[in-house]
Amino acid sequence: FLYHAIRAGMDMGIVNPQMVRVYSEIEPELLERVEDVILCQRPDAAERLTEYAQQVRTVAQTQPQAPDAWRAGTLGERIGHAMLKGVADFIEQDALEGYETLGSPMAVIDTLLMPAMEHVGTLFGEGKMFLPQVVKTARVMKRAVAALTPYIEQGAAGVSNRAGKVLIATVKGDVHDIGKNIVAVVMACNGYEIKDLGVMVESQRIVDEAVAWGADCICLSGLITPSLDEMAHVCEELERRALRIPVIIGGATTSDLHTAVKIAPVYAGVVVHSPNASRNSQILAQLLGPDGALYADKVRAGQQAMRSEYESAERTRNLIPIVEVRKALKGATPHRPVVPAHPGRMVFPDFDVADAEPYIDWNFFFPAWGLKGRYPEILDHPEKGEEARKVFADAQALLARIRDERLLTLQAAVGIFPARSEGDDIWITDPKGREHRLAMLRNQTRGQDNLSLADFIAPEGDWIGCFAVTAGIGLKELCEKFRAGGDDYNAIMAKLLADRLTEAFAEAVHSFVRRQMWGYETGEAPTPRQVIRGEYRGRRMAFGYPASPDHSLKREVFDLLAAELTTGMKLTENYMVDPGEALCGLLLADADYFSVGTVDTKQLLDYARRRGLDVELVKKLIPHNI
């Protein structure tokens with residue numbers, strides 16, 4: 001193909017994604033001749049590549065290779081291939097062969113398995129491998145170690161502490177662990193000994209375990225905004241005990257700025273923010289390396305610069321005083337109520353997975369594996385396409401099992417209740433005639449529509465919907481079963497699918513409410529693709545999202561829906577839904593998506609008063625809006 005392309009004068013190559021390989025593994029002679037052609041390094045480059053291609057064709061015709069030809073290599077080559085490709089079919093017998101040859105299970109781990117793992121970790125850090133491949137490698141490693149475990153001396157560690165001991169946990173009040181599990185796998189691939197404390201771990205226990213185990217570093221994970229405060233509590237506990245264990249924090253709500261402004265100042269040790277799994281291992285290498293002190297000083301200096309810049313921006317930020325915003329809104333046309341056909345509550349005790357599947361938005365699935373791109377285009381991406389197709393096929397296979405074997409239970413509680421607005425408050429009347437106040441925040445940014453969700457509810461005679469949904473019931477047991485078999489890959493896959501199913505389930509329930517309960521959506525129903533794009537009337541506003549960032553409002557909605565009595569969902573003390581694969585919020589017949597953004601001190605004080613909460617607590621509930 002390349003020969004004819006060159007002869008035709010083509011200036012752009014067409015890549016077959018199924019043949020994409022790790023660059024460093026291309027045969028040296030082939031690599032040299034291809035680079036000569038692409039980079040125009042010698043006049044006879046095309047002829048030399050054509051000659052090489054003919055040689056390869058001749059060898060292939062006379063000496064065809066079987067799919068398992070790699071099994072003919074040395075033991076080290078076989079194990080290296082299995083780890084690199086994530087092939088677990090023969091790893092137990094190869095590990096035991098290594099034990100018989102080397103005479104020690106630790107020798108197999110140290111001289112054969114760990115170097116292969118570290119090679120994979122290096123390739124991932126260089127962007128030459130994708131996350132699903134790394135997780136599959138970890139699965140191979142676990143099976144190999146499991147085969148050697150009976151021969152490891154009593155009390156000896158399964159993996160030697162080559163790079164350092166790292167304790168990892170999801171902080172108190174937070175049940176999310178997908179990111180934590182991925183980070184743990186990648187760190188293990190880079191030679192670190194990992195102690196995973198799981199989720200909902202209190203600060204005192206994290207510090208106690210770190211000290212008792214002799215951890216070289218503590219990694220803290222969290223997804224919701226209250227987790228930021230819990231991370232600070234861990235650092236405060238470390239400071240109280242005069243410890244100086246380095247801390248790395250990560251998760252969706254974390255940031256370099258928040259780490260610098262809110263967490264680092266409470267601890268004299270170093271606290272570093274990590275945006276992803278690959279960066280986490282790079283940070284560890286610098287923190288625990290020979291120049292760790294210099295790196296820590298550099299981190300602290302950068303955080304001080306961020307704090308100074310932040311304080312300067314705070315003095316000049318462009319907000320309209322809340323009094324002026326509200327004054328400008330007086331006289332605005334009120335929302336026109338939409339009377340529901342069937343108000344009241346409804347419970348979905350066991351929704352069919354097959355009915356939620358069509359609403360899955362796969363665009364958020366691939367980035368979770370480090371494969372950024374739009375679906376379905378990513379399946380044909382020249383570099384990521386092959387791995388994207390593999391992980392998508394694996395997802396479809398597990399999704400079919402979840403559906404057919406009923407491995408997960410989808411439950412929801414929804415309701416439509418009488419409502420009215422009063423300023424920036426929404427008042428909802430429950431079935432017993434009692435009113436519940438849901439205080440809302442209002443955007444104050446100059447040049448934007450200064451909206452509040454209360455704007456979409458009329459002062460009198462209106463209605464509002466509430467929802468709480470989950471696709472996570474049964475997930476804990478499913479993941480534990482996978483991990484018991486050394487299968488972190490499918491444990492992570494199950495978590496990601498439960499997340500996608502929860503969003504899809506929420507869309508399916510919202511569609512039912514619009515058409516059957518509220519009744520304002522008539523005519524031909526939107527297709528699942530149109531629903532995913534939001535091409536319908538009405539909006540679903542989940543708490544914790546930009547238009548309603550306060551997670552604590554879930555308490556009022558859970559009470560209105562009697563969700564804890566009618567479903568398997570519970571609220572933690574930090575207003576996290578357990579299981580974590582859940583959504584809770586409001587349904588509005590007419591609304592626009594918007595972001596509250598930053599609020600001034602007067603609105604903060606007013607909001608705390610309307611919520612009946614202490615101002616300091618409100619600051620912890622909405623830290624990104626202060």
# chains A, B, ... in the order shown; residues from 1 in each chain; ligands from 1
call {"tool": "residues_around", "arguments": {"residues": "region 243-246 of chain A", "least_positions_apart": "4", "cutoff": "6 Å", "atoms": "only C-alpha atoms", "output": "PyMOL selection string"}}
result
chain A and resi 217+238-239+269-270
call {"tool": "residues_around", "arguments": {"residues": "Ser552 (chain A)", "least_positions_apart": "4", "cutoff": "8 Å", "atoms": "only C-alpha atoms", "output": "PyMOL selection string"}}
result
chain A and resi 574-575+621
call {"tool": "write_last_selection", "arguments": {"atoms": "all heavy atoms", "output": "CSV table (one decimal), in the first residue's frame"}}
result
chain,number,residue,atom,x,y,z
A,574,ASN,N,-22.9,13.7,54.8
A,574,ASN,CA,-22.5,14.8,53.9
A,574,ASN,C,-23.3,14.9,52.7
A,574,ASN,O,-22.9,15.4,51.7
A,574,ASN,CB,-21.0,14.5,53.5
A,574,ASN,CG,-20.0,14.9,54.6
A,574,ASN,OD1,-20.3,15.7,55.5
A,574,ASN,ND2,-18.9,14.3,54.6
A,575,TYR,N,-24.6,14.4,52.8
A,575,TYR,CA,-25.6,14.5,51.7
A,575,TYR,C,-25.1,13.8,50.4
A,575,TYR,O,-25.5,14.2,49.3
A,575,TYR,CB,-25.9,16.0,51.4
A,575,TYR,CG,-26.3,16.7,52.7
A,575,TYR,CD1,-25.3,17.6,53.3
A,575,TYR,CD2,-27.5,16.5,53.3
A,575,TYR,CE1,-25.7,18.2,54.5
A,575,TYR,CE2,-27.8,17.1,54.5
A,575,TYR,CZ,-26.9,18.0,55.1
A,575,TYR,OH,-27.2,18.6,56.3
A,621,LEU,N,-20.4,23.8,52.1
A,621,LEU,CA,-21.4,23.1,51.2
A,621,LEU,C,-21.2,23.6,49.8
A,621,LEU,O,-21.4,22.9,48.8
A,621,LEU,CB,-22.8,23.4,51.6
A,621,LEU,CG,-23.2,22.7,52.9
A,621,LEU,CD1,-24.6,23.2,53.3
A,621,LEU,CD2,-23.2,21.2,52.8
call {"tool": "select_by_dssp", "arguments": {"residues": "region 108-196 of chain A", "states": "alpha helix (DSSP H)", "output": "ChimeraX atom specification"}}
result
/A:108,114-125,131-148,178-189
call {"tool": "atom_distance", "arguments": {"atom1": "CA of Val183 (chain A)", "atom2": "CA of Ala277 (chain A)"}}
result
4.8 Å
call {"tool": "residues_around", "arguments": {"residues": "Val120 (chain A)", "least_positions_apart": "5", "cutoff": "10 Å", "atoms": "only C-alpha atoms", "output": "PDB file with N, CA and C atoms, in the first residue's frame"}}
result
ATOM      1  N   GLY A  80       6.728 -10.878  29.624  1.00  0.00           N
ATOM      2  CA  GLY A  80       6.695  -9.494  29.152  1.00  0.00           C
ATOM      3  C   GLY A  80       5.593  -9.266  28.148  1.00  0.00           C
ATOM      4  N   MET A  83       2.107  -9.398  29.906  1.00  0.00           N
ATOM      5  CA  MET A  83       1.824  -8.178  30.664  1.00  0.00           C
ATOM      6  C   MET A  83       1.528  -7.013  29.729  1.00  0.00           C
ATOM      7  N   LEU A  84       2.284  -6.881  28.679  1.00  0.00           N
ATOM      8  CA  LEU A  84       2.113  -5.763  27.747  1.00  0.00           C
ATOM      9  C   LEU A  84       0.773  -5.846  27.024  1.00  0.00           C
ATOM     10  N   LYS A  85       0.385  -7.054  26.641  1.00  0.00           N
ATOM     11  CA  LYS A  85      -0.842  -7.230  25.863  1.00  0.00           C
ATOM     12  C   LYS A  85      -2.065  -7.533  26.723  1.00  0.00           C
ATOM     13  N   MET A 114       7.649  -7.596  38.042  1.00  0.00           N
ATOM     14  CA  MET A 114       7.731  -6.163  38.310  1.00  0.00           C
ATOM     15  C   MET A 114       8.387  -5.378  37.174  1.00  0.00           C
ATOM     16  N   PRO A 115       9.484  -5.848  36.583  1.00  0.00           N
ATOM     17  CA  PRO A 115      10.045  -5.103  35.441  1.00  0.00           C
ATOM     18  C   PRO A 115       9.039  -4.952  34.299  1.00  0.00           C
ATOM     19  N   GLY A 125       2.753   6.440  31.115  1.00  0.00           N
ATOM     20  CA  GLY A 125       3.156   7.804  31.451  1.00  0.00           C
ATOM     21  C   GLY A 125       3.602   8.598  30.239  1.00  0.00           C
ATOM     22  N   GLU A 126       4.155   7.889  29.245  1.00  0.00           N
ATOM     23  CA  GLU A 126       4.602   8.552  28.012  1.00  0.00           C
ATOM     24  C   GLU A 126       3.482   8.688  26.989  1.00  0.00           C
ATOM     25  N   LYS A 128       1.946   6.217  25.489  1.00  0.00           N
ATOM     26  CA  LYS A 128       2.064   5.187  24.456  1.00  0.00           C
ATOM     27  C   LYS A 128       1.152   3.987  24.716  1.00  0.00           C
ATOM     28  N   MET A 129       0.477   4.002  25.858  1.00  0.00           N
ATOM     29  CA  MET A 129      -0.527   2.986  26.153  1.00  0.00           C
ATOM     30  C   MET A 129      -1.741   3.683  26.748  1.00  0.00           C
ATOM     31  N   PHE A 130      -2.898   3.028  26.646  1.00  0.00           N
ATOM     32  CA  PHE A 130      -4.127   3.602  27.164  1.00  0.00           C
ATOM     33  C   PHE A 130      -4.521   2.914  28.469  1.00  0.00           C
ATOM     34  N   GLN A 133      -5.640  -0.781  28.766  1.00  0.00           N
ATOM     35  CA  GLN A 133      -4.535  -1.714  28.632  1.00  0.00           C
ATOM     36  C   GLN A 133      -3.798  -1.878  29.956  1.00  0.00           C
ATOM     37  N   VAL A 134      -3.621  -0.758  30.672  1.00  0.00           N
ATOM     38  CA  VAL A 134      -2.924  -0.807  31.956  1.00  0.00           C
ATOM     39  C   VAL A 134      -3.720  -1.630  32.964  1.00  0.00           C
ATOM     40  N   THR A 137      -3.312  -5.202  32.273  1.00  0.00           N
ATOM     41  CA  THR A 137      -1.999  -5.641  32.727  1.00  0.00           C
ATOM     42  C   THR A 137      -2.030  -5.946  34.216  1.00  0.00           C
ATOM     43  N   ALA A 138      -2.686  -5.081  34.990  1.00  0.00           N
ATOM     44  CA  ALA A 138      -2.790  -5.308  36.431  1.00  0.00           C
ATOM     45  C   ALA A 138      -3.538  -6.613  36.720  1.00  0.00           C
ATOM     46  N   VAL A 186      -2.722   2.042  38.528  1.00  0.00           N
ATOM     47  CA  VAL A 186      -1.604   2.667  37.816  1.00  0.00           C
ATOM     48  C   VAL A 186      -0.388   2.796  38.728  1.00  0.00           C
ATOM     49  N   CYS A 189       1.330  -0.429  38.938  1.00  0.00           N
ATOM     50  CA  CYS A 189       2.087  -0.682  37.711  1.00  0.00           C
ATOM     51  C   CYS A 189       3.435   0.034  37.721  1.00  0.00           C
ATOM     52  N   ASN A 190       3.541   1.056  38.535  1.00  0.00           N
ATOM     53  CA  ASN A 190       4.794   1.794  38.621  1.00  0.00           C
ATOM     54  C   ASN A 190       5.637   1.370  39.829  1.00  0.00           C
TER      55      ASN A 190
END
call {"tool": "closest_atom_pairs", "arguments": {"of": "region 472-518 of chain A", "to": "region 356-364 of chain A", "cutoff": "8 Å", "atoms": "only C-alpha atoms", "output": "JSON lines"}}
result
{"residue": "A:Arg500", "atom": "CA", "partner": "A:Ile360", "partner_atom": "CA", "distance": 5.9}
{"residue": "A:Leu501", "atom": "CA", "partner": "A:Ile360", "partner_atom": "CA", "distance": 6.3}
{"residue": "A:Glu503", "atom": "CA", "partner": "A:Ile360", "partner_atom": "CA", "distance": 7.1}
{"residue": "A:Ala504", "atom": "CA", "partner": "A:Tyr359", "partner_atom": "CA", "distance": 4.6}
{"residue": "A:Phe505", "atom": "CA", "partner": "A:Ala356", "partner_atom": "CA", "distance": 5.0}
{"residue": "A:Glu507", "atom": "CA", "partner": "A:Tyr359", "partner_atom": "CA", "distance": 6.7}
{"residue": "A:Ala508", "atom": "CA", "partner": "A:Ala356", "partner_atom": "CA", "distance": 6.0}
call {"tool": "residues_around", "arguments": {"residues": "Arg555 (chain A)", "least_positions_apart": "2", "cutoff": "10 Å", "atoms": "only C-alpha atoms", "output": "MDAnalysis selection string"}}
result
chainID A and resid 551:553 557:560 563 571:573 575:577 584
call {"tool": "write_last_selection", "arguments": {"atoms": "all heavy atoms", "output": "compact mmCIF listing (two decimals), in the first residue's frame"}}
result
# COMPACT_ATOMS: atom_id res chain seq x y z
N HIS A 551 -25.51 20.41 47.67
CA HIS A 551 -25.91 19.01 47.81
C HIS A 551 -26.89 18.80 48.97
O HIS A 551 -27.65 17.84 48.96
CB HIS A 551 -24.68 18.13 48.07
CG HIS A 551 -23.88 17.82 46.85
ND1 HIS A 551 -24.18 16.77 46.01
CD2 HIS A 551 -22.79 18.43 46.33
CE1 HIS A 551 -23.29 16.73 45.02
NE2 HIS A 551 -22.45 17.73 45.19
N SER A 552 -26.86 19.68 49.97
CA SER A 552 -27.67 19.45 51.16
C SER A 552 -29.17 19.53 50.87
O SER A 552 -29.99 19.04 51.66
CB SER A 552 -27.29 20.44 52.26
OG SER A 552 -27.70 21.76 51.94
N LEU A 553 -29.56 20.10 49.73
CA LEU A 553 -30.98 20.16 49.37
C LEU A 553 -31.56 18.78 49.08
O LEU A 553 -32.79 18.61 49.02
CB LEU A 553 -31.18 21.08 48.16
CG LEU A 553 -30.94 22.58 48.42
CD1 LEU A 553 -30.91 23.35 47.11
CD2 LEU A 553 -31.99 23.15 49.35
N VAL A 557 -35.64 16.83 49.34
CA VAL A 557 -36.24 16.02 48.28
C VAL A 557 -36.42 14.58 48.73
O VAL A 557 -37.46 13.95 48.45
CB VAL A 557 -35.39 16.11 47.00
CG1 VAL A 557 -35.80 15.04 45.99
CG2 VAL A 557 -35.53 17.50 46.38
N PHE A 558 -35.45 14.03 49.43
CA PHE A 558 -35.59 12.66 49.94
C PHE A 558 -36.79 12.56 50.87
O PHE A 558 -37.53 11.56 50.86
CB PHE A 558 -34.31 12.23 50.66
CG PHE A 558 -33.41 11.35 49.82
CD1 PHE A 558 -32.91 11.82 48.61
CD2 PHE A 558 -33.09 10.07 50.21
CE1 PHE A 558 -32.09 11.03 47.83
CE2 PHE A 558 -32.27 9.26 49.44
CZ PHE A 558 -31.77 9.73 48.23
N ASP A 559 -37.01 13.59 51.69
CA ASP A 559 -38.16 13.58 52.59
C ASP A 559 -39.47 13.69 51.82
O ASP A 559 -40.45 12.99 52.13
CB ASP A 559 -38.05 14.72 53.60
CG ASP A 559 -36.92 14.51 54.60
OD1 ASP A 559 -36.44 13.36 54.71
OD2 ASP A 559 -36.51 15.49 55.24
N LEU A 560 -39.52 14.56 50.82
CA LEU A 560 -40.73 14.71 50.01
C LEU A 560 -41.10 13.41 49.31
O LEU A 560 -42.28 13.06 49.20
CB LEU A 560 -40.53 15.82 48.97
CG LEU A 560 -40.67 17.27 49.45
CD1 LEU A 560 -40.01 18.22 48.46
CD2 LEU A 560 -42.14 17.62 49.62
N ALA A 563 -37.94 8.68 49.95
CA ALA A 563 -37.05 7.84 49.16
C ALA A 563 -36.37 6.76 49.99
O ALA A 563 -36.16 5.63 49.52
CB ALA A 563 -35.99 8.71 48.46
N LEU A 571 -29.05 8.63 52.42
CA LEU A 571 -28.20 9.81 52.40
C LEU A 571 -27.15 9.72 53.51
O LEU A 571 -27.48 9.38 54.64
CB LEU A 571 -29.03 11.09 52.61
CG LEU A 571 -29.65 11.76 51.38
CD1 LEU A 571 -30.31 13.06 51.81
CD2 LEU A 571 -28.63 12.03 50.31
N THR A 572 -25.89 10.03 53.16
CA THR A 572 -24.86 10.08 54.19
C THR A 572 -24.95 11.42 54.91
O THR A 572 -25.69 12.31 54.52
CB THR A 572 -23.46 9.94 53.57
OG1 THR A 572 -23.14 11.14 52.84
CG2 THR A 572 -23.39 8.75 52.63
N GLU A 573 -24.15 11.57 55.96
CA GLU A 573 -24.17 12.83 56.72
C GLU A 573 -23.66 14.00 55.89
O GLU A 573 -23.92 15.16 56.22
CB GLU A 573 -23.32 12.69 57.99
CG GLU A 573 -21.86 12.37 57.72
CD GLU A 573 -21.09 12.07 59.00
OE1 GLU A 573 -21.15 10.92 59.47
OE2 GLU A 573 -20.46 12.99 59.51
N TYR A 575 -24.56 14.36 52.78
CA TYR A 575 -25.56 14.49 51.71
C TYR A 575 -25.13 13.79 50.42
O TYR A 575 -25.46 14.22 49.33
CB TYR A 575 -25.89 15.96 51.44
CG TYR A 575 -26.25 16.70 52.70
CD1 TYR A 575 -25.35 17.57 53.31
CD2 TYR A 575 -27.49 16.50 53.31
CE1 TYR A 575 -25.67 18.22 54.49
CE2 TYR A 575 -27.82 17.14 54.50
CZ TYR A 575 -26.90 18.00 55.08
OH TYR A 575 -27.22 18.64 56.26
N MET A 576 -24.39 12.71 50.58
CA MET A 576 -24.01 11.86 49.46
C MET A 576 -25.01 10.71 49.40
O MET A 576 -25.34 10.11 50.42
CB MET A 576 -22.61 11.32 49.69
CG MET A 576 -22.03 10.57 48.53
SD MET A 576 -21.56 11.72 47.24
CE MET A 576 -21.10 10.56 45.98
N VAL A 577 -25.52 10.41 48.22
CA VAL A 577 -26.45 9.28 48.09
C VAL A 577 -25.64 7.99 48.06
O VAL A 577 -24.62 7.88 47.39
CB VAL A 577 -27.29 9.40 46.80
CG1 VAL A 577 -28.28 8.25 46.71
CG2 VAL A 577 -28.04 10.73 46.76
N CYS A 584 -30.10 13.02 42.26
CA CYS A 584 -31.25 13.56 42.98
C CYS A 584 -31.40 15.03 42.61
O CYS A 584 -30.39 15.75 42.55
CB CYS A 584 -31.04 13.40 44.49
SG CYS A 584 -32.31 14.18 45.50
call {"tool": "closest_residue", "arguments": {"among": "A:Ser312, A:Arg139, A:Gly538, A:Val531", "to": "Asp89 (chain A)", "atoms": "only C-alpha atoms"}}
result
A:Arg139
call {"tool": "residues_around", "arguments": {"residues": "Val353 (chain A)", "least_positions_apart": "2", "cutoff": "10 Å", "atoms": "only C-alpha atoms", "output": "VMD selection string"}}
result
chain A and resid 350 to 351 355 to 358 399 to 400 402 to 404 406 to 410 471 501 504 to 505
call {"tool": "atom_distance", "arguments": {"atom1": "CA of Asp578 (chain A)", "atom2": "CA of Glu564 (chain A)"}}
result
10.3 Å
call {"tool": "residues_around", "arguments": {"residues": "Glu377 (chain A)", "least_positions_apart": "4", "cutoff": "12 Å", "atoms": "only C-alpha atoms", "output": "list of chain:residue names"}}
result
A:Trp362, A:Asn363, A:Phe366, A:Leu371, A:Lys372, A:Gly373, A:His381, A:Pro382, A:Glu383, A:Lys384, A:Gly385, A:Glu386, A:Ala388, A:Arg389
call {"tool": "write_last_selection", "arguments": {"atoms": "all heavy atoms", "output": "compact mmCIF listing (two decimals), in the first residue's frame"}}
result
# COMPACT_ATOMS: atom_id res chain seq x y z
N TRP A 362 -22.74 7.46 25.58
CA TRP A 362 -21.40 6.87 25.60
C TRP A 362 -20.29 7.91 25.51
O TRP A 362 -19.11 7.58 25.65
CB TRP A 362 -21.26 5.85 24.47
CG TRP A 362 -22.13 4.65 24.67
CD1 TRP A 362 -23.31 4.37 24.06
CD2 TRP A 362 -21.90 3.55 25.58
NE1 TRP A 362 -23.84 3.20 24.51
CE2 TRP A 362 -23.00 2.66 25.44
CE3 TRP A 362 -20.88 3.25 26.48
CZ2 TRP A 362 -23.07 1.48 26.18
CZ3 TRP A 362 -20.97 2.07 27.21
CH2 TRP A 362 -22.05 1.21 27.06
N ASN A 363 -20.64 9.17 25.29
CA ASN A 363 -19.61 10.21 25.20
C ASN A 363 -18.84 10.38 26.51
O ASN A 363 -17.70 10.83 26.49
CB ASN A 363 -20.25 11.55 24.81
CG ASN A 363 -20.56 11.62 23.34
OD1 ASN A 363 -19.69 11.45 22.50
ND2 ASN A 363 -21.82 11.84 23.00
N PHE A 366 -15.91 6.85 27.41
CA PHE A 366 -14.53 6.70 26.95
C PHE A 366 -13.54 7.60 27.68
O PHE A 366 -12.43 7.16 28.01
CB PHE A 366 -14.47 6.91 25.43
CG PHE A 366 -15.20 5.85 24.66
CD1 PHE A 366 -16.49 6.07 24.20
CD2 PHE A 366 -14.63 4.62 24.42
CE1 PHE A 366 -17.19 5.09 23.51
CE2 PHE A 366 -15.31 3.62 23.74
CZ PHE A 366 -16.59 3.86 23.29
N LEU A 371 -9.63 7.84 27.17
CA LEU A 371 -9.77 7.86 25.71
C LEU A 371 -10.68 9.02 25.34
O LEU A 371 -11.89 8.86 25.19
CB LEU A 371 -10.34 6.53 25.22
CG LEU A 371 -9.50 5.28 25.50
CD1 LEU A 371 -10.31 4.02 25.30
CD2 LEU A 371 -8.26 5.26 24.61
N LYS A 372 -10.11 10.18 25.19
CA LYS A 372 -10.91 11.36 24.93
C LYS A 372 -11.34 11.41 23.46
O LYS A 372 -10.54 11.20 22.56
CB LYS A 372 -10.12 12.63 25.28
CG LYS A 372 -9.84 12.75 26.77
CD LYS A 372 -9.11 14.03 27.09
CE LYS A 372 -8.85 14.14 28.59
NZ LYS A 372 -8.12 15.37 28.95
N GLY A 373 -12.61 11.71 23.26
CA GLY A 373 -13.14 11.78 21.91
C GLY A 373 -14.64 11.57 21.91
O GLY A 373 -15.21 11.08 22.88
N HIS A 381 -10.95 6.35 15.37
CA HIS A 381 -9.80 7.24 15.55
C HIS A 381 -8.53 6.50 15.17
O HIS A 381 -8.33 5.33 15.52
CB HIS A 381 -9.73 7.71 17.00
CG HIS A 381 -8.76 8.82 17.23
ND1 HIS A 381 -7.41 8.60 17.37
CD2 HIS A 381 -8.94 10.16 17.34
CE1 HIS A 381 -6.80 9.75 17.55
NE2 HIS A 381 -7.71 10.71 17.54
N PRO A 382 -7.62 7.14 14.41
CA PRO A 382 -6.41 6.44 13.94
C PRO A 382 -5.50 5.94 15.06
O PRO A 382 -4.79 4.95 14.87
CB PRO A 382 -5.71 7.50 13.07
CG PRO A 382 -6.29 8.80 13.49
CD PRO A 382 -7.69 8.51 13.90
N GLU A 383 -5.50 6.59 16.21
CA GLU A 383 -4.64 6.16 17.30
C GLU A 383 -5.41 5.46 18.41
O GLU A 383 -4.95 4.46 18.96
CB GLU A 383 -3.90 7.36 17.89
CG GLU A 383 -2.92 8.03 16.93
CD GLU A 383 -2.29 9.27 17.53
OE1 GLU A 383 -2.62 9.58 18.70
OE2 GLU A 383 -1.50 9.93 16.85
N LYS A 384 -6.58 5.97 18.75
CA LYS A 384 -7.34 5.43 19.88
C LYS A 384 -8.40 4.43 19.47
O LYS A 384 -8.98 3.76 20.32
CB LYS A 384 -8.01 6.58 20.63
CG LYS A 384 -7.06 7.68 21.08
CD LYS A 384 -7.83 8.87 21.64
CE LYS A 384 -6.92 10.05 21.95
NZ LYS A 384 -7.68 11.23 22.40
N GLY A 385 -8.66 4.32 18.18
CA GLY A 385 -9.79 3.53 17.71
C GLY A 385 -9.73 2.07 18.11
O GLY A 385 -10.74 1.50 18.55
N GLU A 386 -8.57 1.45 17.97
CA GLU A 386 -8.47 0.02 18.28
C GLU A 386 -8.81 -0.24 19.74
O GLU A 386 -9.61 -1.11 20.07
CB GLU A 386 -7.07 -0.50 17.97
CG GLU A 386 -6.91 -1.99 18.27
CD GLU A 386 -5.51 -2.49 18.00
OE1 GLU A 386 -4.59 -1.67 17.84
OE2 GLU A 386 -5.34 -3.73 17.95
N ALA A 388 -10.41 1.78 21.78
CA ALA A 388 -11.79 2.20 22.04
C ALA A 388 -12.76 1.09 21.65
O ALA A 388 -13.73 0.82 22.37
CB ALA A 388 -12.10 3.48 21.27
N ARG A 389 -12.52 0.42 20.52
CA ARG A 389 -13.40 -0.66 20.09
C ARG A 389 -13.32 -1.85 21.06
O ARG A 389 -14.32 -2.49 21.35
CB ARG A 389 -13.06 -1.10 18.67
CG ARG A 389 -13.47 -0.09 17.61
CD ARG A 389 -13.40 -0.69 16.21
NE ARG A 389 -12.05 -1.08 15.85
CZ ARG A 389 -11.12 -0.26 15.35
NH1 ARG A 389 -11.42 1.01 15.16
NH2 ARG A 389 -9.93 -0.70 15.04
call {"tool": "closest_residue", "arguments": {"among": "A:Ala328, A:Cys219, A:Ala53, A:Ile428", "to": "Glu29 (chain A)", "atoms": "only C-alpha atoms"}}
result
A:Ala53
call {"tool": "residues_around", "arguments": {"residues": "Arg539 (chain A)", "least_positions_apart": "4", "cutoff": "9 Å", "atoms": "only C-alpha atoms", "output": "number ranges by chain"}}
result
A: 510, 534, 586-593
call {"tool": "write_last_selection", "arguments": {"atoms": "N, CA, C and O atoms", "output": "short mmCIF file (atom, residue, chain, number, x, y, z; two decimals), in the first residue's frame"}}
result
data_model
loop_
_atom_site.label_atom_id
_atom_site.label_comp_id
_atom_site.auth_asym_id
_atom_site.auth_seq_id
_atom_site.Cartn_x
_atom_site.Cartn_y
_atom_site.Cartn_z
N HIS A 510 -37.42 10.65 33.47
CA HIS A 510 -37.86 12.01 33.12
C HIS A 510 -38.80 11.96 31.91
O HIS A 510 -39.81 12.68 31.86
N GLY A 534 -30.87 16.56 24.82
CA GLY A 534 -31.70 17.52 25.53
C GLY A 534 -32.73 18.19 24.66
O GLY A 534 -33.21 19.29 25.00
N LEU A 586 -34.40 18.26 40.86
CA LEU A 586 -35.70 18.84 40.55
C LEU A 586 -36.03 18.67 39.08
O LEU A 586 -35.13 18.67 38.22
N LEU A 587 -37.32 18.59 38.78
CA LEU A 587 -37.82 18.55 37.40
C LEU A 587 -38.68 19.80 37.19
O LEU A 587 -39.59 20.07 37.99
N LEU A 588 -38.39 20.56 36.14
CA LEU A 588 -39.13 21.78 35.85
C LEU A 588 -39.71 21.71 34.44
O LEU A 588 -39.03 21.28 33.50
N ALA A 589 -40.95 22.14 34.31
CA ALA A 589 -41.61 22.08 33.01
C ALA A 589 -40.97 23.02 32.00
O ALA A 589 -40.96 22.76 30.80
N ASP A 590 -40.44 24.15 32.49
CA ASP A 590 -39.75 25.11 31.63
C ASP A 590 -38.56 25.67 32.42
O ASP A 590 -38.74 26.17 33.53
N ALA A 591 -37.37 25.56 31.86
CA ALA A 591 -36.18 26.09 32.54
C ALA A 591 -35.04 26.13 31.54
O ALA A 591 -35.11 25.57 30.44
N ASP A 592 -33.98 26.84 31.91
CA ASP A 592 -32.76 26.90 31.12
C ASP A 592 -31.59 26.45 31.99
O ASP A 592 -31.58 26.69 33.21
N TYR A 593 -30.62 25.79 31.36
CA TYR A 593 -29.40 25.46 32.09
C TYR A 593 -28.58 26.74 32.28
O TYR A 593 -28.48 27.57 31.38
#
call {"tool": "closest_residue", "arguments": {"among": "A:Ile218, A:Ala397, A:Met569, A:Val247", "to": "Ala494 (chain A)", "atoms": "only C-alpha atoms"}}
result
A:Ala397
call {"tool": "select_by_dssp", "arguments": {"residues": "region 347-512 of chain A", "states": "strand (DSSP E)", "output": "ChimeraX atom specification"}}
result
/A:347-351,409-422,425-429,435-439,462-473
call {"tool": "atom_distance", "arguments": {"atom1": "CA of Phe348 (chain A)", "atom2": "CA of Phe467 (chain A)"}}
result
11.0 Å
call {"tool": "closest_residue", "arguments": {"among": "A:Glu193, A:Glu92, A:Asp110, A:Glu97", "to": "Gly214 (chain A)", "atoms": "only C-alpha atoms"}}
result
A:Glu193
call {"tool": "closest_residue", "arguments": {"among": "A:Gly121, A:Pro132, A:Gly292, A:Gly523", "to": "Gly370 (chain A)", "atoms": "only C-alpha atoms"}}
result
A:Pro132
